[in-house]
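Working notes, beginning with the structure itself.
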Amino acid sequence: MDFGLVFRFWTFLLCGFATLRDPPSRSKPDAINDAVPAKSQSRKEETAKTNKRAKKRTTNQEGLTMKETMFIDPQRCIGCRSCVAACRECDTHKGYSMIFVDYIDRSETTATMPTVCMHCNEPTCALVCPADAIKQNEDGIVMSALKPRCLDCRNCVNACPFGVPKYNSEMHLQMKCDMCYDRTSEGLKPMCASVCPTGAITFGKYEDVVPTRRTKPVNAHVFGNQRVETRVYLMLPTDADEVTVDGCGVFEGRVIADGSPATEESWIDTQVEESDKSNEF
Amino acid sequence: MSKVENLDNIIERFGPHLHDAPDGGWRGDRVIDRVVPTHCPYCAVQCGMNLLVEKGKLVGFEPRYDFPVNEGRLCPKGVTAYLQTHHPDRLLHPLIKRNGLFEEASWDEALDLIASKFKELQEKYGNDSIGVYSGSSLTTEKTYVMGKFARAGLGTRYIDYNGRLCMVSAAAGNNKAFGVDRAANPWADIPLAEVLMIAGSNCAETFPVLNKFLWQQRDNGGTWIVIDPRETATARQGDLHLQLKPGTDVAVANGMLNVILREGLIDEEFIANHANDWDATRAVVEKYTPDVASKISGVPAEKIEAAGLLYGRAKTGMIMHARGIEHHTNGVDNVLSYINIVLATGKIGEPGRGYGTITGQGNGQGGREHGQKADQLPGQRSINNPEHRKHVCEVWGLPEDELPQAGVSVVEMFDLMREGKIKGFLSLCNNGMVSLPDTNRIRESLEGLEFNVNIDFFMSESSRFADVVLPGTTWAEDEGVTANSEARVVKINKAVDPPGEAKTDWWIVKEIAHRMGRGKYFQFNTPREIFDELRVASRGGNADYYGITYEKIDRQYGVMWPCPTEDHPGTPRMFEDKRFYHPDGKAKFHAIEYKGPAEVPDDEYPLALTTGRVVYQYLSGNQTRRVGFLVQQCPEPYVEIHPETARRMDIRDGERVKVVSRRGEGVFPALVVKTIRPDTIFIPYHWGDQLAANQLTNPKLDPTSKIPEYKACAARIEKIHSRELPILGKGRKGTSLSETRQGK
């Protein structure tokens, strides 16, 4: 049973095929008149500038980027996999992408869903690690396994309810999304959230992001007997306070909906997601 | 004669091969020497991006958060764009074909050969025996030079550009209705519109970053109406999807306007004061009740009704359209029928009230403004207008009688090649063997040429036919301006030097002109000098660039034309004073009757075939089919079939089937999806040779814009009992199908 797949499918059911509609209320972003600072010359300057902006935004708030987190809105995902491509560019990732975008069921819909590490408050991956190789830093970010400690046991890979960590057989190391710690610690946005065209992956402060959206932030997930709270929010068109996944109805990549016969997955799902579904790079 | 021999040899030497890592591999310890702010080389959002340069090599990108259009966002093509610069397939030396093999040559040798051959052909067959085919992925400076090179350098009337396959229907429609060819509103207006009507555009895949504005509109409580034969990622996110039969847009648009008219939602005051020819249009539209429109288009009448009411009742609203309605023999009609809705409701020239065409290529807008179009001179001037001719000849210092008359569109140019009227050919920034309709005829045209020159930075499917291939530059190796889809002129900056002996395109063309004795018209040494001449040439025209300078572009994050003086800030929104560019200052309605596509399904060919794009590939794929990441996501074309149709023919998902039209056939894996109409099939077109969707498409042209009908032709599917599966799983890694198949 692949809980990751179950989770992704379940989230999709919650989102539904259509989009949430609400009565209009207006605020006026106007990109054209946004005053923007002069162009940058170096990455360092760029960083410094973004830092400055971040500081400005967070006046009267304790901490700076520390409180910023990720918001995943599957409705907005257009399946372009720009995030997947950009993730490889992060200096510490060495060309490996830590993010997955799945077709939900291409034969039925073009809907897709991005998955990043949800950064659990009590990370299962760290709990099951016999070598204590997976650390949470002071900001609550769950880091990739520490290379000197990682035992190649893959406990974390199998235990994560979201199906996120992967084992890199070449480097003998578990690897997962660390919310671009090398970037966020310098005040830059993670690569995936920087490039995402629609805002399906957004990085920001709760009070900045949530009021601009018509979807509800949810960060509690129930997998059978396990309840997981995460630092990353899902933005869902639902009233529920938590996402409940019981695993019934989904088995081995086949979807059995309301007693109707099993539908085989479209080949293109397999084509694009093959690497996502295996536990190894 | 320009035939392709030794294809295996060509593919082995020039690819497409896959390349998927920056120079020196993925490393975390790079010391970046320079960060160069520039724009993406691909579509016409022209997203800002920073290129990272280490020791003279492009090694990555960094989001450019400060550029207001995309604020750091990029699509997967943009993210991987830098990988093409140091690609092992890059052409590094001039190549001359001898005995069917490309041999490296010096620049002098290649350029002298071209000049002498062109002179010889022109002496023998006349000036017009040379055709020039240019493109809109070039900087505006280069497009200007190409137009000038054909007219003042070669003295031939035959020049056209690949925007002919892209934007011309919109351009012709805009000119007819508004008297000027430009999107009327900046994208910053999109979030202000209550209702957004998106016709024939899967902008989620083809213009991904535009979705930033679309979702801002939605966050503000806005609604989308999407008109498309497929339930694309764009349509899925929309509120109302009108899933019409390909090519029936006029019926749908007239149907919606009929509802608006019936409900009294038209703007009588605007129509009376600011537009002409309403009465004739009204008379036609009255015939297209939702029921009539529904019968033609296959869209339920209630949906047409609902769409008309949504747009008609909204205080603000915008209509945007793209290739889906433009790639038709009635492409201009389609465009005009949507503009009729805009004009009838007076939703134009105000914040959140407007109209826009979603361009295609990076410089789709700029490339059609400065004189590389068959009938056009710089500044959107007409080559048929004596005053316009006089102005441009004065700027160029060219005697007026030496300026040729209008030429023909590119598809017609390829017809003239087959008829033996065009003997010599110079092509830049093109890959007709993938992008032109009816590939088999295009091959005949190219094979019949006496002398064929190609400038490109990769060996494209079309370059293989050339006698001389010259190595050009990628976007990161030269500077210049482009105009994005909202007519915002932005600046591309040079990041690295060209590899090997590759040279910038304007230098190559200038050298050919000098060797043909026309050097006095090509005295520039930098893109800035070309731009300064272009500014003067465009002065006073519709697309007036006179007030735009490189410095101003940097300062303002782009300048939207018209910008007539140096202290003018540019024009983000057109028609704010409700004055249009026709002599009487009024816009024009057009009474459009439904005609339908040139070829409709019949007993022999029962399905409507429509073609389009995927997000991972760009146009003819010459750039993107070489980038590992992009090829992995979509290694080969497929044919989308509705489950009902598939069941009837006993076709299973993933099975390879033969698709046949009156012009050709191809084998594609079936993607059985409910997101397409049962009477329609879809194939993405980015591949060449046996994989080309354009083997099947209809080369019939729109009478006004001369755009081919890529989006609708009749086809049938044949079961071939193939056991070959689509490229799956690990097989797609490291595989480019065009590479493996052709290599056989």
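We label chains A, B, ... in the order they appear in the structure tokens, count residues from 1 in each chain, and number ligands from 1 in the order shown.
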If you count only C-alpha atoms, which residues fall within 9 Å of Tyr103 in chain A, apart from same-chain ones fewer than 2 positions away, as a ChimeraX atom specification?
-> /A:79,101,105-106,109-113,268-269,272-273
Do you know which residues are at most 7 Å from range 197-210 of chain B counting only C-alpha atoms, after dropping those on the same chain fewer than 6 positions away, and could you put them as a PyMOL selection string?
-> (chain A and resi 78+80+197-198) or (chain B and resi 43+45+70+73-75+224-228+232-234+318-325+613-615)
Residues flagged strand (DSSP E) by DSSP in range 477-725 of chain B, as a PyMOL selection string | chain B and resi 480-483+488-492+559-560+587-588+607-612+639-641+656-660+665-672+680-684+698-701+708-709+713-719
Restricting it to N, CA and C atoms, dump the selection as a compact mmCIF listing (two decimals), in the first residue's frame.
```txt
# COMPACT_ATOMS: atom_id res chain seq x y z
N GLY B 480 19.49 42.78 -27.53
CA GLY B 480 18.48 43.35 -28.41
C GLY B 480 17.16 43.41 -27.67
N VAL B 481 16.13 43.92 -28.35
CA VAL B 481 14.83 44.03 -27.68
C VAL B 481 13.84 43.05 -28.28
N THR B 482 12.82 42.73 -27.47
CA THR B 482 11.67 41.98 -27.97
C THR B 482 10.43 42.69 -27.42
N ALA B 483 9.28 42.43 -28.03
CA ALA B 483 8.03 42.99 -27.49
C ALA B 483 7.16 41.82 -27.08
N ARG B 488 4.91 45.18 -24.54
CA ARG B 488 5.92 45.72 -23.66
C ARG B 488 7.29 45.39 -24.27
N VAL B 489 8.02 46.41 -24.68
CA VAL B 489 9.33 46.19 -25.28
C VAL B 489 10.34 45.98 -24.15
N VAL B 490 10.97 44.80 -24.14
CA VAL B 490 11.94 44.48 -23.09
C VAL B 490 13.30 44.21 -23.71
N LYS B 491 14.32 44.16 -22.88
CA LYS B 491 15.68 44.06 -23.39
C LYS B 491 16.30 42.71 -23.02
N ILE B 492 16.78 42.01 -24.06
CA ILE B 492 17.54 40.77 -23.86
C ILE B 492 19.01 41.18 -23.73
N VAL B 559 8.95 49.15 -22.02
CA VAL B 559 8.17 50.31 -22.48
C VAL B 559 7.14 49.78 -23.48
N MET B 560 5.88 50.16 -23.29
CA MET B 560 4.86 49.71 -24.23
C MET B 560 4.66 50.76 -25.32
N ALA B 587 -13.98 52.60 -34.40
CA ALA B 587 -13.72 51.18 -34.62
C ALA B 587 -14.74 50.65 -35.62
N LYS B 588 -14.53 49.42 -36.07
CA LYS B 588 -15.38 48.91 -37.14
C LYS B 588 -15.92 47.53 -36.78
N LEU B 607 -13.33 11.91 -38.52
CA LEU B 607 -12.96 12.65 -37.32
C LEU B 607 -12.37 14.01 -37.66
N ALA B 608 -12.54 14.97 -36.74
CA ALA B 608 -11.89 16.27 -36.92
C ALA B 608 -10.56 16.21 -36.19
N LEU B 609 -9.48 16.48 -36.92
CA LEU B 609 -8.15 16.49 -36.30
C LEU B 609 -7.76 17.92 -35.97
N THR B 610 -7.35 18.14 -34.74
CA THR B 610 -6.84 19.46 -34.38
C THR B 610 -5.46 19.26 -33.77
N THR B 611 -4.56 20.22 -33.99
CA THR B 611 -3.19 20.08 -33.48
C THR B 611 -2.89 21.18 -32.48
N GLY B 612 -1.85 21.00 -31.70
CA GLY B 612 -1.51 22.01 -30.70
C GLY B 612 -0.19 21.71 -30.03
N VAL B 639 -1.87 10.67 -29.81
CA VAL B 639 -3.14 11.15 -30.33
C VAL B 639 -4.20 10.98 -29.25
N GLU B 640 -4.83 12.09 -28.87
CA GLU B 640 -5.89 12.04 -27.86
C GLU B 640 -7.18 11.58 -28.52
N ILE B 641 -7.79 10.54 -27.95
CA ILE B 641 -9.04 9.99 -28.48
C ILE B 641 -10.03 9.84 -27.33
N ARG B 656 -0.55 1.82 -30.31
CA ARG B 656 -0.18 2.69 -31.44
C ARG B 656 -1.18 2.53 -32.58
N VAL B 657 -1.68 3.65 -33.08
CA VAL B 657 -2.65 3.60 -34.18
C VAL B 657 -2.17 4.48 -35.32
N LYS B 658 -2.70 4.21 -36.50
CA LYS B 658 -2.32 5.03 -37.66
C LYS B 658 -3.39 6.11 -37.84
N VAL B 659 -2.95 7.35 -37.96
CA VAL B 659 -3.87 8.44 -38.23
C VAL B 659 -3.65 8.86 -39.68
N VAL B 660 -4.74 8.90 -40.45
CA VAL B 660 -4.62 9.15 -41.89
C VAL B 660 -5.47 10.36 -42.29
N GLU B 665 0.01 10.30 -43.49
CA GLU B 665 -0.37 9.47 -42.35
C GLU B 665 0.78 9.40 -41.37
N GLY B 666 0.46 9.03 -40.15
CA GLY B 666 1.50 8.89 -39.12
C GLY B 666 1.02 7.93 -38.07
N VAL B 667 1.95 7.34 -37.32
CA VAL B 667 1.60 6.39 -36.27
C VAL B 667 1.88 7.02 -34.91
N PHE B 668 0.87 7.01 -34.05
CA PHE B 668 0.99 7.64 -32.74
C PHE B 668 0.35 6.76 -31.68
N PRO B 669 0.89 6.75 -30.44
CA PRO B 669 0.20 6.03 -29.38
C PRO B 669 -1.10 6.74 -29.01
N ALA B 670 -2.15 5.96 -28.74
CA ALA B 670 -3.44 6.56 -28.39
C ALA B 670 -3.46 6.92 -26.92
N LEU B 671 -3.88 8.15 -26.63
CA LEU B 671 -4.10 8.56 -25.25
C LEU B 671 -5.61 8.68 -25.10
N VAL B 672 -6.23 7.71 -24.48
CA VAL B 672 -7.70 7.68 -24.41
C VAL B 672 -8.14 8.52 -23.21
N THR B 680 -13.60 14.44 -32.20
CA THR B 680 -12.36 15.18 -32.44
C THR B 680 -11.16 14.38 -31.92
N ILE B 681 -10.03 14.49 -32.62
CA ILE B 681 -8.78 13.95 -32.09
C ILE B 681 -7.74 15.06 -32.09
N PHE B 682 -6.72 14.88 -31.26
CA PHE B 682 -5.72 15.93 -31.09
C PHE B 682 -4.32 15.32 -31.11
N ILE B 683 -3.40 15.98 -31.82
CA ILE B 683 -1.99 15.54 -31.81
C ILE B 683 -1.11 16.78 -31.58
N PRO B 684 -0.18 16.74 -30.61
CA PRO B 684 0.77 17.84 -30.49
C PRO B 684 1.78 17.80 -31.64
N ASN B 698 -3.97 20.45 -43.11
CA ASN B 698 -4.45 21.00 -44.38
C ASN B 698 -3.74 22.33 -44.69
N PRO B 699 -3.06 22.44 -45.84
CA PRO B 699 -2.36 23.70 -46.14
C PRO B 699 -3.26 24.80 -46.71
N LYS B 700 -4.58 24.64 -46.66
CA LYS B 700 -5.49 25.70 -47.14
C LYS B 700 -5.30 26.95 -46.27
N LEU B 701 -5.39 28.12 -46.92
CA LEU B 701 -5.08 29.37 -46.22
C LEU B 701 -6.30 30.25 -46.00
N PRO B 708 -2.37 29.02 -42.36
CA PRO B 708 -2.89 27.69 -42.71
C PRO B 708 -3.84 27.15 -41.64
N GLU B 709 -4.67 26.19 -42.05
CA GLU B 709 -5.67 25.66 -41.13
C GLU B 709 -5.11 24.46 -40.35
N CYS B 713 -8.92 19.60 -39.63
CA CYS B 713 -8.97 18.92 -40.91
C CYS B 713 -9.63 17.57 -40.67
N ALA B 714 -9.97 16.86 -41.74
CA ALA B 714 -10.65 15.58 -41.57
C ALA B 714 -9.61 14.47 -41.54
N ALA B 715 -9.83 13.49 -40.67
CA ALA B 715 -8.88 12.39 -40.55
C ALA B 715 -9.61 11.13 -40.13
N ARG B 716 -8.94 10.01 -40.28
CA ARG B 716 -9.50 8.77 -39.72
C ARG B 716 -8.39 8.03 -38.98
N ILE B 717 -8.83 7.10 -38.14
CA ILE B 717 -7.87 6.31 -37.38
C ILE B 717 -7.95 4.88 -37.86
N GLU B 718 -6.79 4.25 -38.08
CA GLU B 718 -6.77 2.84 -38.48
C GLU B 718 -6.05 2.03 -37.42
N LYS B 719 -6.64 0.91 -37.08
CA LYS B 719 -6.00 0.03 -36.11
C LYS B 719 -4.90 -0.73 -36.84
```
Distance query range 212-220 of chain A at most 6 Å, only C-alpha atoms, self and fewer than 5 positions along chain excluded, as an MDAnalysis selection string | (chainID A and resid 228:230 233:237 242) or (chainID B and resid 219)
Which residue, A:Met143, A:Ala159, A:Ile201, A:Val164, has the smallest gap to chain B when you use only C-alpha atoms?
-> A:Ile201
Go through A:Val84, A:Ile104, A:Met70, A:Cys156 and flag the residue nearest chain B, using only C-alpha atoms for the distances.
->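 The shortest atom-to-atom distance to chain B comes from A:Val84.
Residues in contact range of Arg723 in chain B, defined as at most 10 Å between only C-alpha atoms, with sequence neighbours fewer than 3 positions away removed, read Gly654, Glu655, Arg656, Ile720 and Pro726 of chain B.
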Limited to N, CA and C atoms, could you put the picked residues into a file as a JSON list (two decimals), in the first residue's frame?
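Full text of result28.json as output:
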```
[["chain", "number", "residue", "atom", "x", "y", "z"],
["B", 654, "GLY", "N", -2.86, 3.59, -25.03],
["B", 654, "GLY", "CA", -1.44, 3.29, -25.21],
["B", 654, "GLY", "C", -1.12, 2.53, -26.48],
["B", 655, "GLU", "N", -2.14, 2.02, -27.14],
["B", 655, "GLU", "CA", -1.91, 1.26, -28.38],
["B", 655, "GLU", "C", -1.53, 2.22, -29.51],
["B", 656, "ARG", "N", -0.55, 1.82, -30.31],
["B", 656, "ARG", "CA", -0.18, 2.69, -31.44],
["B", 656, "ARG", "C", -1.18, 2.53, -32.58],
["B", 720, "ILE", "N", -3.69, -0.78, -36.27],
["B", 720, "ILE", "CA", -2.61, -1.49, -36.98],
["B", 720, "ILE", "C", -2.12, -2.69, -36.17],
["B", 726, "PRO", "N", 3.95, 2.85, -25.85],
["B", 726, "PRO", "CA", 4.55, 4.18, -25.79],
["B", 726, "PRO", "C", 5.85, 4.10, -25.00]]
```
